[in-house]
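Enquirer: Handing over upload_31.cif, mmCIF, C-alpha atoms, pLDDT in the B column; chains and numbers go by the auth columns.
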```
data_data
loop_
_atom_site.group_PDB
_atom_site.id
_atom_site.type_symbol
_atom_site.label_atom_id
_atom_site.label_comp_id
_atom_site.label_asym_id
_atom_site.label_seq_id
_atom_site.Cartn_x
_atom_site.Cartn_y
_atom_site.Cartn_z
_atom_site.B_iso_or_equiv
_atom_site.auth_seq_id
_atom_site.auth_asym_id
ATOM 1 C CA MET A 1 -5.445 -5.640 19.006 61.00 6 A
ATOM 2 C CA ALA A 2 -1.666 -5.341 18.758 65.00 7 A
ATOM 3 C CA TYR A 3 -1.578 -1.633 19.569 71.00 8 A
ATOM 4 C CA ALA A 4 -3.561 -2.122 22.754 73.00 9 A
ATOM 5 C CA TYR A 5 -1.827 -5.313 23.867 72.00 10 A
ATOM 6 C CA SER A 6 1.855 -4.783 23.105 75.00 11 A
ATOM 7 C CA PRO A 7 2.520 -1.861 25.527 76.00 12 A
ATOM 8 C CA GLU A 8 1.369 -4.096 28.376 74.00 13 A
ATOM 9 C CA LEU A 9 4.158 -6.578 27.640 77.00 14 A
ATOM 10 C CA PHE A 10 6.890 -4.178 28.707 79.00 15 A
ATOM 11 C CA GLY A 11 7.630 -2.541 32.013 80.00 16 A
ATOM 12 C CA THR A 12 7.172 1.192 32.409 82.00 17 A
ATOM 13 C CA ASP A 13 10.890 1.917 32.043 85.00 18 A
ATOM 14 C CA ALA A 14 11.157 0.055 28.704 85.00 19 A
ATOM 15 C CA ARG A 15 7.638 0.422 27.350 86.00 20 A
ATOM 16 C CA SER A 16 8.368 3.018 24.700 87.00 21 A
ATOM 17 C CA LEU A 17 11.509 1.265 23.452 88.00 22 A
ATOM 18 C CA GLY A 18 9.944 -2.209 23.458 85.00 23 A
ATOM 19 C CA THR A 19 6.754 -1.138 21.744 87.00 24 A
ATOM 20 C CA GLY A 20 8.597 0.949 19.168 88.00 25 A
ATOM 21 C CA PHE A 21 11.053 -1.838 18.394 88.00 26 A
ATOM 22 C CA SER A 22 8.345 -4.494 18.006 83.00 27 A
ATOM 23 C CA HIS A 23 6.215 -2.239 15.815 86.00 28 A
ATOM 24 C CA GLY A 24 9.275 -1.351 13.750 88.00 29 A
ATOM 25 C CA LEU A 25 9.955 -5.027 13.088 84.00 30 A
ATOM 26 C CA GLY A 26 6.335 -5.429 12.106 84.00 31 A
ATOM 27 C CA ARG A 27 6.630 -2.553 9.645 88.00 32 A
ATOM 28 C CA LEU A 28 9.709 -4.124 8.090 85.00 33 A
ATOM 29 C CA SER A 29 7.897 -7.422 7.647 82.00 34 A
ATOM 30 C CA ASN A 30 5.013 -5.534 6.035 88.00 35 A
ATOM 31 C CA ALA A 31 7.356 -4.596 3.210 90.00 36 A
ATOM 32 C CA ALA A 32 7.258 -8.226 2.024 88.00 37 A
ATOM 33 C CA GLY A 33 3.446 -8.365 2.100 89.00 38 A
ATOM 34 C CA PRO A 34 2.742 -6.828 -1.305 92.00 39 A
ATOM 35 C CA LEU A 35 5.286 -9.126 -2.937 93.00 40 A
ATOM 36 C CA ILE A 36 3.703 -12.197 -1.365 93.00 41 A
ATOM 37 C CA ILE A 37 0.182 -11.060 -2.267 94.00 42 A
ATOM 38 C CA ALA A 38 1.197 -10.355 -5.869 96.00 43 A
ATOM 39 C CA SER A 39 2.765 -13.780 -6.163 96.00 44 A
ATOM 40 C CA ILE A 40 -0.289 -15.535 -4.740 96.00 45 A
ATOM 41 C CA TYR A 41 -2.649 -13.521 -6.933 97.00 46 A
ATOM 42 C CA THR A 42 -0.637 -14.239 -10.067 97.00 47 A
ATOM 43 C CA SER A 43 -0.414 -17.968 -9.434 97.00 48 A
ATOM 44 C CA SER A 44 -3.773 -18.755 -7.778 96.00 49 A
ATOM 45 C CA GLY A 45 -6.209 -15.841 -8.143 96.00 50 A
ATOM 46 C CA TYR A 46 -7.947 -13.462 -5.807 95.00 51 A
ATOM 47 C CA GLN A 47 -9.684 -16.078 -3.627 97.00 52 A
ATOM 48 C CA ALA A 48 -6.340 -17.477 -2.559 97.00 53 A
ATOM 49 C CA VAL A 49 -5.288 -13.979 -1.514 96.00 54 A
ATOM 50 C CA PHE A 50 -8.267 -13.700 0.839 97.00 55 A
ATOM 51 C CA TYR A 51 -7.577 -17.167 2.249 97.00 56 A
ATOM 52 C CA PHE A 52 -3.939 -16.223 2.817 95.00 57 A
ATOM 53 C CA ILE A 53 -4.842 -13.014 4.640 94.00 58 A
ATOM 54 C CA ALA A 54 -7.447 -14.784 6.793 96.00 59 A
ATOM 55 C CA ALA A 55 -4.995 -17.571 7.645 96.00 60 A
ATOM 56 C CA THR A 56 -2.311 -15.054 8.556 91.00 61 A
ATOM 57 C CA TRP A 57 -4.604 -13.228 10.997 90.00 62 A
ATOM 58 C CA PHE A 58 -5.871 -16.533 12.418 95.00 63 A
ATOM 59 C CA VAL A 59 -2.349 -17.849 13.043 93.00 64 A
ATOM 60 C CA GLY A 60 -1.344 -14.525 14.609 86.00 65 A
ATOM 61 C CA ALA A 61 -4.321 -14.652 16.968 88.00 66 A
ATOM 62 C CA LEU A 62 -3.562 -18.256 17.922 92.00 67 A
ATOM 63 C CA VAL A 63 0.081 -17.491 18.648 87.00 68 A
ATOM 64 C CA ARG A 64 -0.761 -14.416 20.685 81.00 69 A
ATOM 65 C CA GLY A 65 -3.478 -16.265 22.572 84.00 70 A
ATOM 66 C CA SER A 66 -1.294 -19.299 23.239 88.00 71 A
ATOM 67 C CA PHE A 67 2.049 -17.728 24.087 83.00 72 A
ATOM 68 C CA GLY A 68 1.241 -14.172 25.117 77.00 73 A
ATOM 69 C CA PRO A 69 1.188 -13.495 28.841 77.00 74 A
ATOM 70 C CA ARG A 70 -2.148 -12.812 30.447 74.00 75 A
ATOM 71 C CA THR A 71 -2.400 -9.133 31.342 69.00 76 A
ATOM 72 C CA ARG A 72 -5.903 -8.899 32.753 71.00 77 A
ATOM 73 C CA GLN A 73 -5.933 -7.605 36.331 70.00 78 A
ATOM 74 C CA LEU A 74 -2.112 -7.563 36.256 67.00 79 A
ATOM 75 C CA ARG A 75 -0.399 -4.809 38.210 69.00 80 A
ATOM 76 C CA THR A 76 2.879 -3.580 36.762 62.00 81 A
ATOM 77 C CA VAL A 77 5.398 -1.489 38.616 59.00 82 A
#
```
Is it possible to give me this structure as structure tokens?
Expert:
Amino acid sequence: MAYAYSPELFGTDARSLGTGFSHGLGRLSNAAGPLIIASIYTSSGYQAVFYFIAATWFVGALVRGSFGPRTRQLRTV
């Protein structure tokens, strides 16, 4: 969903820079993921890991749906 949606957030002149920068920040935050998962697994077990991952995706979808601009039928110049 992110790869299809994020280029539409930036104008044509800044699309490559904006998309690359936002994906780069996402990649940096992914570096912490294994550490968080290992900590959750060690303290609470594998079920908690699945709940954490599901909650993370759910919160991300809610934030994107609530605060992301609507791009359907939008003409960009």
Enquirer: Between A:Ile58, A:Ile41, A:Leu14, A:Ala9, which one has atoms that come closest to Phe72 of chain A, using only C-alpha atoms?
Expert: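 Of all the options, A:Leu14 lies closest to Phe72 of chain A.
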Enquirer: List the neighbours of segment 73-75 of chain A out to 12 Å using only C-alpha atoms; skip same-chain residues closer than 3 positions along the sequence, and give me the result as a list in words.
Expert: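 The residues that qualify are Ala7, Tyr10, Ser11, Glu13, Leu14, Phe15, Gly65, Ala66, Leu67, Val68, Arg69, Gly70, Gln78, Leu79 and Arg80 of chain A.
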Enquirer: For Phe26 of chain A, find every residue with an atom within 12 Å (counting only C-alpha atoms), except residues of its own chain fewer than 6 positions away, and show them as a list of chain:residue names.
Expert: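 So, after excluding close chain neighbours, the residues are A:Ser11, A:Pro12, A:Phe15, A:Ala19, A:Arg20, A:Arg32, A:Leu33.
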Enquirer: One number please: atom CA of Ala59 of chain A to atom CA of Thr24 of chain A, in Å, one decimal.
Expert: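 Separation of atom CA of Ala59 of chain A and atom CA of Thr24 of chain A: 24.7 Å.
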Enquirer: What is the atom CA of Tyr8 of chain A-atom CA of Pro39 of chain A distance in Å, reported with one decimal?
Expert: 21.9 Å
Enquirer: For segment 13-25 of chain A, what centre and edge lengths in Å (one decimal) does the axis-aligned box get once 3 Å is added on each side of all its listed atoms, as lines of an AutoDock Vina configuration file?
Expert:
```
center_x = 6.4
center_y = -1.8
center_z = 25.8
size_x = 16.1
size_y = 15.6
size_z = 19.2
```
Enquirer: In Å, rounded to a single decimal, give me how far atom CA of Arg77 of chain A is from atom CA of Thr61 of chain A.
Expert: 25.2 Å
